[in-house]
$ cat structure_16.cif   # mmCIF, C-alpha atoms
data_coords
#
loop_
_atom_site.label_atom_id
_atom_site.label_comp_id
_atom_site.auth_asym_id
_atom_site.auth_seq_id
_atom_site.Cartn_x
_atom_site.Cartn_y
_atom_site.Cartn_z
CA MET A 1 0.00 0.00 0.00
CA GLY A 2 1.31 3.46 -0.91
CA LYS A 3 1.99 6.55 1.12
CA PRO A 4 -1.10 8.15 2.63
CA ASP A 5 -2.83 10.97 0.80
CA PHE A 6 -3.89 13.72 3.20
CA GLN A 7 -7.27 14.58 1.76
CA ALA A 8 -8.19 10.91 1.34
CA LEU A 9 -7.29 10.32 4.99
CA VAL A 10 -9.45 13.22 6.09
CA ASP A 11 -12.36 11.88 4.02
CA LEU A 12 -11.95 8.40 5.46
CA HIS A 13 -11.30 9.07 9.12
CA TYR A 14 -12.34 12.52 10.31
CA GLU A 15 -15.84 11.43 11.31
CA ASP A 16 -14.69 8.46 13.39
CA LEU A 17 -11.86 10.47 14.90
CA TYR A 18 -14.41 13.10 15.92
CA ARG A 19 -16.65 10.40 17.41
CA PHE A 20 -13.76 9.00 19.43
CA ALA A 21 -12.76 12.52 20.49
CA PHE A 22 -16.32 13.23 21.54
CA SER A 23 -16.37 10.04 23.64
CA LEU A 24 -13.29 11.35 25.42
CA ALA A 25 -13.93 15.06 25.68
CA ARG A 26 -17.73 14.97 25.96
CA ASN A 27 -18.25 18.28 24.21
CA PRO A 28 -18.28 19.21 20.52
CA SER A 29 -15.81 22.06 20.77
CA ASP A 30 -12.99 20.07 22.37
CA ALA A 31 -13.79 17.09 20.14
CA SER A 32 -13.38 19.29 17.06
CA ASP A 33 -10.16 20.69 18.42
CA LEU A 34 -8.70 17.26 19.15
CA THR A 35 -9.63 16.04 15.69
CA GLN A 36 -8.09 19.07 14.03
CA HIS A 37 -4.98 18.67 16.15
CA ALA A 38 -4.49 15.05 15.08
CA PHE A 39 -4.61 16.01 11.42
CA ALA A 40 -2.46 19.09 11.99
CA VAL A 41 0.26 16.93 13.53
CA PHE A 42 -0.13 14.47 10.68
CA ALA A 43 0.30 17.33 8.21
CA GLN A 44 3.62 18.11 9.87
CA LYS A 45 4.92 14.61 10.52
CA GLY A 46 2.87 12.35 8.28
CA ASP A 47 5.68 11.93 5.80
CA GLN A 48 7.30 9.64 8.37
CA ILE A 49 4.44 7.20 7.79
CA ARG A 50 5.12 5.12 4.75
CA GLU A 51 1.86 3.21 4.53
CA ALA A 52 -1.70 4.50 4.49
CA ALA A 53 -2.81 1.46 6.51
CA ARG A 54 -0.78 2.69 9.49
CA ALA A 55 -2.06 6.23 9.26
CA LYS A 56 -5.41 5.45 10.87
CA SER A 57 -3.91 4.04 14.07
CA TRP A 58 -1.41 6.88 14.07
CA LEU A 59 -4.19 9.49 13.93
CA PHE A 60 -6.18 7.84 16.72
CA THR A 61 -3.05 7.48 18.86
CA THR A 62 -2.11 11.11 18.32
CA LEU A 63 -5.60 12.27 19.22
CA TYR A 64 -5.64 10.16 22.39
CA ARG A 65 -2.22 11.37 23.51
CA GLU A 66 -3.24 14.99 22.97
CA PHE A 67 -6.35 14.39 25.05
CA LEU A 68 -4.21 12.96 27.86
CA ARG A 69 -1.71 15.82 27.52
CA GLN A 70 -4.45 18.44 27.78
CA LYS A 71 -5.98 16.64 30.71
CA ASN A 72 -2.65 16.53 32.50
CA ARG A 73 -2.04 20.20 31.91
CA GLU A 74 -5.35 20.92 33.61
CA GLN A 75 -5.86 24.01 31.55
CA ARG A 76 -9.51 24.10 32.36
CA SER A 77 -10.22 26.31 35.34
CA VAL A 78 -13.18 24.07 36.20
CA PRO A 79 -12.75 20.41 35.16
CA LEU A 80 -15.81 18.90 33.52
CA ASP A 81 -15.78 16.14 36.12
CA ALA A 82 -16.24 18.75 38.80
CA LEU A 83 -19.35 20.26 37.24
CA PRO A 84 -22.74 19.38 38.67
CA PRO A 85 -24.61 16.66 36.69
CA GLU A 86 -27.01 19.14 35.08
CA ALA A 87 -24.08 21.15 33.73
CA VAL A 88 -22.49 18.02 32.24
CA GLU A 89 -25.78 17.19 30.60
CA THR A 90 -25.82 20.63 29.04
CA ALA A 91 -22.24 20.22 27.85
CA VAL A 92 -23.01 16.93 26.11
CA GLU A 93 -24.78 18.24 23.06
CA PRO A 94 -23.31 16.70 19.96
CA GLU A 95 -25.14 16.77 16.67
CA ILE A 96 -26.90 13.40 16.76
CA GLU A 97 -28.98 11.87 14.03
CA GLY A 98 -32.14 10.06 15.02
CA GLU A 99 -33.93 9.15 18.19
CA SER A 100 -33.63 10.37 21.72
CA ASP A 101 -32.58 6.93 23.02
CA LYS A 102 -29.23 7.39 21.28
CA ARG A 103 -28.80 10.73 23.01
CA GLU A 104 -29.66 9.07 26.30
CA VAL A 105 -27.16 6.22 25.96
CA LEU A 106 -24.46 8.64 24.85
CA ALA A 107 -25.10 10.66 27.99
CA LEU A 108 -24.66 7.45 29.99
CA LEU A 109 -21.44 6.70 28.12
CA ALA A 110 -20.27 10.21 28.98
CA SER A 111 -20.88 9.49 32.65
CA LEU A 112 -18.33 6.64 32.69
CA ASP A 113 -14.77 7.28 33.70
CA GLU A 114 -12.21 8.32 31.09
CA GLU A 115 -10.58 4.89 30.73
CA GLN A 116 -13.96 3.27 30.09
CA ARG A 117 -15.06 5.99 27.64
CA ALA A 118 -11.84 5.56 25.68
CA ILE A 119 -12.10 1.79 25.32
CA LEU A 120 -15.81 1.76 24.50
CA GLY A 121 -15.47 4.69 22.10
CA LEU A 122 -12.94 2.68 20.10
CA PHE A 123 -14.77 -0.66 20.51
CA TYR A 124 -18.09 0.66 19.24
CA LEU A 125 -16.59 2.43 16.25
CA LYS A 126 -16.24 -1.15 15.00
CA GLN A 127 -13.53 -0.33 12.51
CA ASN A 128 -10.70 -0.86 14.99
CA SER A 129 -9.29 -4.33 15.61
CA TYR A 130 -8.25 -5.31 19.13
CA LYS A 131 -4.64 -5.01 18.04
CA GLU A 132 -5.29 -1.46 16.87
CA ILE A 133 -7.12 -0.57 20.07
CA ALA A 134 -4.15 -1.91 22.05
CA GLN A 135 -1.77 0.23 19.97
CA ILE A 136 -3.88 3.36 20.27
CA LEU A 137 -4.27 3.13 24.04
CA GLY A 138 -0.78 1.75 24.61
CA ILE A 139 -1.95 -1.31 26.52
CA PRO A 140 -1.57 -5.10 26.01
CA MET A 141 -4.23 -7.01 24.06
CA GLY A 142 -5.32 -8.91 27.16
CA THR A 143 -5.94 -5.62 28.96
CA VAL A 144 -8.07 -4.45 26.02
CA MET A 145 -10.33 -7.48 26.45
CA SER A 146 -10.72 -7.11 30.20
CA ARG A 147 -11.26 -3.35 29.98
CA ILE A 148 -13.99 -3.77 27.37
CA SER A 149 -15.72 -6.33 29.53
CA ARG A 150 -15.52 -4.16 32.66
CA ALA A 151 -16.57 -1.01 30.84
CA LYS A 152 -19.59 -2.72 29.30
CA GLU A 153 -20.57 -4.04 32.69
CA ALA A 154 -20.33 -0.51 34.13
CA LEU A 155 -22.41 0.84 31.24
CA ARG A 156 -24.99 -1.87 31.75
CA LYS A 157 -25.30 -0.89 35.44
CA LYS A 158 -25.76 2.78 34.49
CA MET A 159 -28.47 1.74 32.06
CA GLU A 160 -30.20 -0.35 34.69
CA ALA A 161 -30.15 2.55 37.13
CA SER A 162 -31.53 4.97 34.56
CA GLY A 163 -34.25 2.67 33.26
CA VAL A 164 -32.78 2.46 29.74
CA TRP A 165 -31.92 -1.18 30.28
CA GLU A 166 -35.58 -2.23 30.46
CA GLY A 167 -36.09 -1.26 26.81
CA ILE A 168 -32.97 -3.14 25.72
CA LYS A 169 -33.96 -6.19 27.74
CA THR A 170 -37.46 -6.27 26.28
CA GLY A 171 -36.10 -6.15 22.74
CA ALA A 172 -33.49 -8.80 23.57
CA ASP A 173 -36.14 -11.08 25.12
CA ALA A 174 -38.19 -11.00 21.94
CA SER A 175 -35.13 -11.64 19.81
CA HIS A 176 -34.00 -14.52 22.02
CA ARG A 177 -37.46 -16.13 21.90
CA GLN A 178 -37.47 -15.85 18.10
CA GLN A 179 -34.06 -17.52 17.89
CA LYS A 180 -35.16 -20.38 20.18
CA ASP A 181 -38.34 -20.92 18.17
CA MET B 1 -23.98 -18.90 11.93
CA LEU B 2 -21.48 -21.57 10.92
CA MET B 3 -19.14 -22.63 13.69
CA PRO B 4 -16.56 -25.37 14.02
CA PRO B 5 -17.68 -28.33 16.14
CA ILE B 6 -16.20 -27.36 19.50
CA ASP B 7 -17.78 -28.92 22.54
CA SER B 8 -17.68 -26.56 25.51
CA ARG B 9 -18.27 -29.54 27.80
CA LYS B 10 -14.74 -30.69 26.95
CA THR B 11 -13.20 -27.30 27.76
CA ASP B 12 -12.91 -25.42 31.04
CA MET B 13 -15.49 -22.93 29.81
CA ASP B 14 -18.00 -21.80 32.40
CA GLY B 15 -20.67 -19.11 32.44
CA GLU B 16 -18.51 -16.36 33.94
CA LYS B 17 -15.57 -17.02 31.65
CA ALA B 18 -17.94 -17.19 28.68
CA LYS B 19 -19.42 -13.81 29.61
CA ILE B 20 -16.01 -12.13 29.66
CA ILE B 21 -15.06 -13.67 26.32
CA LEU B 22 -18.37 -12.90 24.64
CA SER B 23 -18.52 -9.40 26.09
CA SER B 24 -15.10 -8.36 24.89
CA ARG B 25 -14.68 -10.36 21.70
CA TYR B 26 -18.01 -11.03 20.17
CA GLY B 27 -19.37 -7.78 18.78
CA GLY B 28 -21.84 -9.63 16.54
CA GLN B 29 -19.16 -11.36 14.46
CA ALA B 30 -17.76 -14.77 15.40
CA ASP B 31 -14.12 -15.43 14.57
CA VAL B 32 -14.22 -19.15 13.74
CA SER B 33 -10.49 -19.45 14.35
CA ASP B 34 -10.98 -18.37 17.96
CA GLU B 35 -11.63 -21.63 19.81
CA GLU B 36 -12.44 -19.98 23.14
CA LEU B 37 -15.00 -17.75 21.50
CA CYS B 38 -16.62 -20.67 19.72
CA ALA B 39 -16.73 -22.66 22.97
CA ALA B 40 -18.36 -19.69 24.73
CA LEU B 41 -20.93 -19.38 21.94
CA GLU B 42 -21.65 -23.08 22.14
CA LEU B 43 -22.20 -22.80 25.89
CA ALA B 44 -24.56 -19.83 25.31
CA ARG B 45 -26.53 -21.97 22.85
CA ARG B 46 -27.05 -24.72 25.45
CA ASN B 47 -27.44 -22.56 28.56
CA ALA B 48 -30.69 -20.58 28.52
CA GLU B 49 -29.55 -18.03 31.09
CA LEU B 50 -26.31 -17.35 29.27
CA GLY B 51 -28.18 -17.27 25.96
CA GLN B 52 -30.51 -14.60 27.34
CA TRP B 53 -27.52 -12.65 28.65
CA LEU B 54 -25.87 -12.83 25.21
CA ALA B 55 -29.04 -11.59 23.49
CA GLU B 56 -29.02 -8.59 25.85
CA GLU B 57 -25.33 -8.04 25.20
CA GLU B 58 -25.92 -8.03 21.45
CA ALA B 59 -28.78 -5.57 21.88
CA LEU B 60 -26.48 -3.34 23.94
CA ASP B 61 -23.77 -3.57 21.28
CA ASN B 62 -26.20 -2.71 18.51
CA LEU B 63 -27.63 0.28 20.34
CA MET B 64 -24.21 1.64 21.33
CA GLY B 65 -22.81 1.10 17.85
CA GLN B 66 -25.72 3.01 16.36
CA ALA B 67 -25.47 5.73 19.00
CA ILE B 68 -21.76 6.31 18.38
CA ALA B 69 -22.32 6.27 14.61
CA SER B 70 -25.07 8.86 15.00
CA ILE B 71 -22.65 11.47 16.39
CA GLN B 72 -22.22 13.92 13.56
CA PRO B 73 -19.16 16.16 13.34
CA PRO B 74 -19.92 19.87 12.98
CA ALA B 75 -20.52 20.84 9.36
CA HIS B 76 -17.45 23.06 9.29
CA LEU B 77 -14.98 20.52 10.71
CA LYS B 78 -13.76 18.95 7.50
CA SER B 79 -13.13 22.28 5.81
CA ALA B 80 -11.41 23.52 8.96
CA ILE B 81 -9.08 20.49 8.96
CA LEU B 82 -8.21 21.02 5.32
CA ALA B 83 -7.82 24.75 5.91
CA SER B 84 -5.35 24.03 8.71
CA ALA B 85 -3.09 21.87 6.58
CA PRO B 86 -0.15 23.32 4.72
CA ALA B 87 -1.17 23.99 1.13
CA ALA B 88 1.53 21.67 -0.21
CA ILE B 89 -0.13 18.46 1.06
CA VAL B 90 -3.71 19.07 -0.01
CA PRO B 91 -4.45 18.14 -3.63
CA GLY B 92 -5.67 21.09 -5.64
CA ARG B 93 -3.79 23.44 -3.38
CA THR B 94 -0.29 22.38 -4.38
CA ARG B 95 2.19 25.20 -4.33
CA MET B 96 5.34 25.51 -6.40
CA ARG B 97 8.52 24.82 -4.44
CA ARG B 98 9.73 28.36 -5.09
CA GLU B 99 6.63 29.61 -3.30
CA VAL B 100 7.51 27.49 -0.27
CA TYR B 101 10.87 29.17 -0.30
CA GLY B 102 8.96 32.43 -0.61
CA PHE B 103 7.13 31.72 2.62
CA LEU B 104 10.38 30.83 4.35
CA ALA B 105 11.77 34.16 3.21
CA LEU B 106 8.61 35.82 4.44
CA ALA B 107 9.00 34.13 7.82
CA ALA B 108 12.47 35.57 8.11
CA ALA B 109 11.17 38.98 7.11
CA VAL B 110 8.42 38.76 9.71
CA THR B 111 10.94 37.83 12.38
CA VAL B 112 13.11 40.83 11.54
CA LEU B 113 10.18 43.20 11.29
CA ILE B 114 8.41 42.09 14.41
CA GLY B 115 11.01 40.93 16.83
CA GLY B 116 14.27 42.27 15.52
CA VAL B 117 15.80 38.92 16.39
CA VAL B 118 16.81 36.61 13.56
CA HIS B 119 17.85 33.56 15.54
CA ARG B 120 15.43 32.75 18.23
CA PHE B 121 14.56 29.43 19.79
CA THR B 122 10.91 28.85 19.08
CA GLU B 123 8.85 26.83 21.54
CA PRO B 124 7.14 23.89 19.78
CA GLY B 125 3.43 24.34 19.43
CA LEU B 126 3.43 28.10 18.95
CA ILE B 127 2.01 29.88 15.91
CA GLU B 128 4.53 30.96 13.32
CA ALA B 129 3.54 34.06 11.37
CA SER B 130 4.71 32.35 8.18
CA VAL B 131 2.14 29.59 8.69
CA LEU B 132 -0.61 32.18 9.04
CA THR B 133 0.37 34.01 5.90
CA ALA B 134 0.54 30.71 4.04
CA ARG B 135 -2.93 29.83 5.26
CA ILE B 136 -4.33 33.15 4.05
CA GLU B 137 -2.66 32.56 0.69
CA ALA B 138 -4.38 29.17 0.48
CA LEU B 139 -7.73 30.83 1.16
CA LYS B 140 -7.64 32.37 -2.30
CA LYS B 141 -8.73 29.04 -3.75
CA GLU B 142 -10.89 27.85 -0.87
CA LEU B 143 -13.28 30.69 -0.16
CA PRO B 144 -16.17 30.66 0.46
CA GLY B 145 -16.22 26.86 0.93
CA ALA B 146 -13.71 27.03 3.79
CA LEU B 147 -16.02 29.11 5.95
CA GLY B 148 -17.80 27.32 8.77
CA GLU B 149 -20.57 29.90 8.95
CA THR B 150 -21.72 32.53 6.47
CA ASN B 151 -23.77 35.53 7.57
CA PRO B 152 -23.60 39.27 6.89
CA ASP B 153 -24.06 40.18 10.56
CA VAL B 154 -20.92 40.17 12.68
CA ARG B 155 -23.03 39.72 15.82
CA HIS B 156 -24.32 36.42 14.47
CA LEU B 157 -20.76 35.35 13.68
CA ARG B 158 -19.62 36.28 17.20
CA GLU B 159 -22.30 33.94 18.58
CA TRP B 160 -21.21 31.16 16.22
CA LEU B 161 -17.58 31.65 17.19
CA ALA B 162 -18.47 31.48 20.88
CA GLY B 163 -20.01 28.07 20.30
CA HIS B 164 -17.14 26.76 18.21
CA GLY B 165 -14.09 27.61 20.27
CA GLY B 166 -13.25 30.82 18.43
CA VAL B 167 -12.62 34.32 19.80
CA PRO B 168 -16.05 35.98 19.92
CA ASP B 169 -15.06 39.22 21.65
CA PHE B 170 -12.40 40.43 19.24
CA ASP B 171 -11.74 44.13 18.76
CA LEU B 172 -12.30 45.59 15.32
CA PRO B 173 -10.54 48.44 13.53
CA SER B 174 -13.03 51.32 13.28
CA SER B 175 -12.99 51.03 9.48
CA LEU B 176 -14.50 47.54 9.72
CA ALA B 177 -17.10 48.32 12.37
CA GLY B 178 -20.58 48.11 10.86
CA LYS B 179 -19.39 46.46 7.65
CA ASP B 180 -21.11 43.34 6.36
CA THR B 181 -19.37 40.06 7.00
CA VAL B 182 -19.03 37.21 4.53
CA GLY B 183 -18.50 34.48 7.11
CA CYS B 184 -16.13 33.00 9.63
CA GLN B 185 -14.18 29.91 10.53
CA VAL B 186 -12.11 28.53 13.41
CA PHE B 187 -9.06 26.56 12.43
CA SER B 188 -6.15 25.06 14.24
CA VAL B 189 -2.51 26.03 13.76
CA ASN B 190 -0.10 23.81 15.66
CA GLY B 191 -2.92 22.95 18.02
CA ASN B 192 -3.87 26.60 18.63
CA LYS B 193 -7.23 27.98 17.61
CA VAL B 194 -7.25 30.82 15.11
CA THR B 195 -10.40 32.77 14.34
CA LEU B 196 -11.04 34.00 10.81
CA VAL B 197 -13.71 36.56 9.92
CA CYS B 198 -14.11 37.84 6.35
CA PHE B 199 -15.55 41.32 5.77
CA HIS B 200 -17.20 42.78 2.71
CA LEU B 201 -16.27 46.42 2.18
CA ASP B 202 -18.47 48.96 0.39
CA ASP B 203 -16.54 48.77 -2.86
CA LYS B 204 -16.90 44.97 -3.08
CA ARG B 205 -13.50 44.39 -1.55
CA VAL B 206 -13.13 41.45 0.82
CA VAL B 207 -10.64 41.53 3.68
CA HIS B 208 -9.72 38.67 5.99
CA TYR B 209 -9.32 39.22 9.70
CA LEU B 210 -7.52 36.68 11.89
CA VAL B 211 -7.54 36.74 15.67
CA MET B 212 -5.53 34.53 18.01
CA ASP B 213 -4.15 34.39 21.53
CA ARG B 214 -1.06 36.62 21.60
CA LYS B 215 0.68 34.26 24.03
CA ARG B 216 0.49 31.48 21.44
CA MET B 217 2.40 33.45 18.80
CA ALA B 218 6.05 32.50 18.33
CA ASN B 219 6.86 36.14 17.54
CA PRO B 220 3.85 38.27 18.45
CA PRO B 221 3.36 41.38 16.34
CA PRO B 222 4.00 44.69 18.15
CA LEU B 223 1.51 46.10 20.61
CA GLY B 224 -0.73 48.85 19.36
CA HIS B 225 0.61 49.55 15.88
CA PRO B 226 0.65 47.40 12.75
CA VAL B 227 3.52 46.13 10.63
CA PHE B 228 2.89 45.61 6.93
CA LEU B 229 4.05 42.88 4.58
CA GLN B 230 3.36 41.99 1.00
CA GLU B 231 3.91 38.54 -0.50
CA ASN B 232 2.75 37.02 -3.77
CA GLY B 233 0.19 39.73 -4.31
CA THR B 234 -1.29 39.49 -0.83
CA SER B 235 -1.01 42.28 1.71
CA PHE B 236 -0.81 41.69 5.43
CA ALA B 237 -1.06 43.96 8.44
CA MET B 238 -0.26 42.49 11.85
CA TRP B 239 -0.52 43.90 15.34
CA SER B 240 -1.36 42.91 18.91
CA ASP B 241 -3.14 44.11 22.00
CA GLN B 242 -2.51 42.73 25.47
CA GLU B 243 -4.61 39.63 24.87
CA HIS B 244 -4.77 38.96 21.16
CA SER B 245 -2.74 39.18 17.99
CA TYR B 246 -4.46 40.26 14.77
CA VAL B 247 -3.76 39.82 11.09
CA LEU B 248 -5.67 41.76 8.44
CA ALA B 249 -5.11 40.54 4.91
CA GLU B 250 -6.26 41.43 1.44
CA PHE B 251 -5.39 39.93 -1.90
CA GLY B 252 -4.00 43.09 -3.40
CA ASP B 253 -2.35 46.44 -2.75
CA GLU B 254 -0.68 47.11 0.62
CA ASN B 255 -1.50 50.80 0.44
CA ARG B 256 -5.21 50.08 0.33
CA LEU B 257 -4.91 47.89 3.41
CA GLY B 258 -3.07 50.62 5.27
CA GLN B 259 -5.98 52.96 4.70
CA LEU B 260 -8.18 50.69 6.78
CA LEU B 261 -6.02 51.06 9.90
#

$ encode --input "structure_16.cif" --output "structure tokens"
Amino acid sequence: MGKPDFQALVDLHYEDLYRFAFSLARNPSDASDLTQHAFAVFAQKGDQIREAARAKSWLFTTLYREFLRQKNREQRSVPLDALPPEAVETAVEPEIEGESDKREVLALLASLDEEQRAILGLFYLKQNSYKEIAQILGIPMGTVMSRISRAKEALRKKMEASGVWEGIKTGADASHRQQKD
Amino acid sequence: MLMPPIDSRKTDMDGEKAKIILSSRYGGQADVSDEELCAALELARRNAELGQWLAEEEALDNLMGQAIASIQPPAHLKSAILASAPAAIVPGRTRMRREVYGFLALAAAVTVLIGGVVHRFTEPGLIEASVLTARIEALKKELPGALGETNPDVRHLREWLAGHGGVPDFDLPSSLAGKDTVGCQVFSVNGNKVTLVCFHLDDKRVVHYLVMDRKRMANPPPLGHPVFLQENGTSFAMWSDQEHSYVLAEFGDENRLGQLL
């Protein structure tokens, strides 16, 4: 595979990078900034990447590292985690297509801790293999598996507490009955 | 689903282990080369409780996958990313090598004009004036598509900028106050946000106004009074106040730009 073409990479990956960034940052402005930053760094250093196939992981890794760097710098005068729940709810307003249940589950995802948001954000994008997720987050493959499992369990508990789980369970019951029949 | 004939009764697979494997590895697609996964699926087929749990897990995966996919980036993001990239790497905006050298020469000129220091260690991550001038040059071919919001009212643009990480409370030269705007954009230079607002003047001229945090400039323009540059037919005026640095640019005559300040 040849060297990556910048515009083609933007076309292919900017939406998923934004989605991952939104999972981390929980607000559209910071998500946009993180996405732009990843491509800006690529524009400067991308010629070091010889194959387009590696560019995707590189972009996700760069975005994640920038998120961690910003978090460590604690530039925000009031961290989002310190805001009251109603303020966080206001901050989580991405442009979302479709029904309100998606908005609701995204708000629950946003209420998980950062490590869980990162792993589930990558897992549910579906285009990242476990090996890629491990590379992006800088953790072993086995840790990827266990973190996904724990994060999904935490999400499930949030859904149970909020009442969202009942709807999922009802749909799953019907589907399971159909499969058995 | 086709699976190899693996009997979970002959493995050490139990419900809890199966849950961990299915939760982290399944995702709706079975990898038939993964024996543990196939054994866990086989156990879920025989064990009603685990089967119900798996159905719920699949429903959760489907909903979350759809929810994540439904997050839509802001309409302006793609153009902002492309606008932030050096012209040389975006197809259709390729510059001749001599023009790259031209920008390097311009960077040196800016350093001399603004700071009076030719050799200066520049902190990584700061905004180089040469990058800004290159970006404005690239706008020649991109406008108006590169704008995130278009509206003739600067008050509307200030609101848009406030919601998109830009500088909404920028000062304006008196000559631009009350003029119609074309639109605005927020783009990133070395990780720093730069606000662009384009103004329509009475005689159909368009000028481009950039605002950024003065502390993020590698060589901030002087406080209070502008310096002027001209490169490849584009005129630039740059100055700072205590908080921000400003660039006013027009594709054309430097003298005309000076009359606005």

$ residues_around --input "structure_16.cif" --residues "stretch 200-209 of chain B" --least-positions-apart "5" --cutoff "12 Å" --atoms "all atoms listed in the file" --output "PDB file with C-alpha atoms, keeping the file's coordinate frame"
ATOM      1  CA  LEU B 132      -0.610  32.180   9.040  1.00  0.00           C
ATOM      2  CA  THR B 133       0.370  34.010   5.900  1.00  0.00           C
ATOM      3  CA  ARG B 135      -2.930  29.830   5.260  1.00  0.00           C
ATOM      4  CA  ILE B 136      -4.330  33.150   4.050  1.00  0.00           C
ATOM      5  CA  GLU B 137      -2.660  32.560   0.690  1.00  0.00           C
ATOM      6  CA  LEU B 139      -7.730  30.830   1.160  1.00  0.00           C
ATOM      7  CA  LYS B 140      -7.640  32.370  -2.300  1.00  0.00           C
ATOM      8  CA  LEU B 143     -13.280  30.690  -0.160  1.00  0.00           C
ATOM      9  CA  PRO B 144     -16.170  30.660   0.460  1.00  0.00           C
ATOM     10  CA  LEU B 147     -16.020  29.110   5.950  1.00  0.00           C
ATOM     11  CA  THR B 150     -21.720  32.530   6.470  1.00  0.00           C
ATOM     12  CA  ASN B 151     -23.770  35.530   7.570  1.00  0.00           C
ATOM     13  CA  PRO B 152     -23.600  39.270   6.890  1.00  0.00           C
ATOM     14  CA  ASP B 153     -24.060  40.180  10.560  1.00  0.00           C
ATOM     15  CA  VAL B 154     -20.920  40.170  12.680  1.00  0.00           C
ATOM     16  CA  VAL B 167     -12.620  34.320  19.800  1.00  0.00           C
ATOM     17  CA  PHE B 170     -12.400  40.430  19.240  1.00  0.00           C
ATOM     18  CA  ASP B 171     -11.740  44.130  18.760  1.00  0.00           C
ATOM     19  CA  LEU B 172     -12.300  45.590  15.320  1.00  0.00           C
ATOM     20  CA  PRO B 173     -10.540  48.440  13.530  1.00  0.00           C
ATOM     21  CA  SER B 175     -12.990  51.030   9.480  1.00  0.00           C
ATOM     22  CA  LEU B 176     -14.500  47.540   9.720  1.00  0.00           C
ATOM     23  CA  ALA B 177     -17.100  48.320  12.370  1.00  0.00           C
ATOM     24  CA  GLY B 178     -20.580  48.110  10.860  1.00  0.00           C
ATOM     25  CA  LYS B 179     -19.390  46.460   7.650  1.00  0.00           C
ATOM     26  CA  ASP B 180     -21.110  43.340   6.360  1.00  0.00           C
ATOM     27  CA  THR B 181     -19.370  40.060   7.000  1.00  0.00           C
ATOM     28  CA  VAL B 182     -19.030  37.210   4.530  1.00  0.00           C
ATOM     29  CA  GLY B 183     -18.500  34.480   7.110  1.00  0.00           C
ATOM     30  CA  CYS B 184     -16.130  33.000   9.630  1.00  0.00           C
ATOM     31  CA  GLN B 185     -14.180  29.910  10.530  1.00  0.00           C
ATOM     32  CA  VAL B 186     -12.110  28.530  13.410  1.00  0.00           C
ATOM     33  CA  VAL B 194      -7.250  30.820  15.110  1.00  0.00           C
ATOM     34  CA  THR B 195     -10.400  32.770  14.340  1.00  0.00           C
ATOM     35  CA  THR B 234      -1.290  39.490  -0.830  1.00  0.00           C
ATOM     36  CA  SER B 235      -1.010  42.280   1.710  1.00  0.00           C
ATOM     37  CA  PHE B 236      -0.810  41.690   5.430  1.00  0.00           C
ATOM     38  CA  ALA B 237      -1.060  43.960   8.440  1.00  0.00           C
ATOM     39  CA  MET B 238      -0.260  42.490  11.850  1.00  0.00           C
ATOM     40  CA  TRP B 239      -0.520  43.900  15.340  1.00  0.00           C
ATOM     41  CA  SER B 245      -2.740  39.180  17.990  1.00  0.00           C
ATOM     42  CA  TYR B 246      -4.460  40.260  14.770  1.00  0.00           C
ATOM     43  CA  VAL B 247      -3.760  39.820  11.090  1.00  0.00           C
ATOM     44  CA  LEU B 248      -5.670  41.760   8.440  1.00  0.00           C
ATOM     45  CA  ALA B 249      -5.110  40.540   4.910  1.00  0.00           C
ATOM     46  CA  GLU B 250      -6.260  41.430   1.440  1.00  0.00           C
ATOM     47  CA  PHE B 251      -5.390  39.930  -1.900  1.00  0.00           C
ATOM     48  CA  GLY B 252      -4.000  43.090  -3.400  1.00  0.00           C
ATOM     49  CA  ASP B 253      -2.350  46.440  -2.750  1.00  0.00           C
ATOM     50  CA  GLU B 254      -0.680  47.110   0.620  1.00  0.00           C
ATOM     51  CA  ARG B 256      -5.210  50.080   0.330  1.00  0.00           C
ATOM     52  CA  LEU B 257      -4.910  47.890   3.410  1.00  0.00           C
ATOM     53  CA  GLY B 258      -3.070  50.620   5.270  1.00  0.00           C
ATOM     54  CA  LEU B 260      -8.180  50.690   6.780  1.00  0.00           C
TER      55      LEU B 260
END

$ residues_near_point --input "structure_16.cif" --point "(-7.6, 17.0, 18.6)" --cutoff "10 Å" --atoms "all atoms listed in the file" --output "list in words"
Leu17, Tyr18, Ala21, Phe22, Ala25, Ser29, Asp30, Ala31, Ser32, Asp33, Leu34, Thr35, Gln36, His37, Ala38, Phe39, Ala40, Val41, Leu59, Phe60, Thr62, Leu63, Tyr64, Arg65, Glu66, Phe67 and Gln70 of chain A; Ser188 and Gly191 of chain B

$ resolve_selection --input "structure_16.cif" --expression "the PyMOL selection byres ((chain A and resi 106-109) around 8)" --output "VMD selection string"
(chain A and resid 23 89 92 102 to 105 110 to 112 117 155 158 to 159) or (chain B and resid 64 67 to 68)

$ atom_distance --input "structure_16.cif" --atom1 "atom CA of A:Tyr124" --atom2 "atom CA of A:Ala151"
11.8 Å

$ resolve_selection --input "structure_16.cif" --expression "the PyMOL selection byres ((chain A and resi 128) around 12)" --output "VMD selection string"
(chain A and resid 13 16 to 17 20 53 to 54 56 to 57 60 to 61 119 to 127 129 to 137 144) or (chain B and resid 27)

$ interface_residues --input "structure_16.cif" --of "chain B" --to "chain A" --cutoff "9 Å" --atoms "only C-alpha atoms" --output "JSON, numbers by chain"
{"B": [19, 20, 21, 22, 23, 24, 25, 27, 51, 52, 53, 54, 55, 56, 57, 58, 59, 60, 61, 62, 63, 64, 65, 66, 67, 68, 69, 70, 71, 72, 73, 74, 77, 78, 80, 81, 82, 84, 85, 86, 89, 90, 91, 163, 164, 165, 187, 188, 189, 190, 191, 192, 193]}
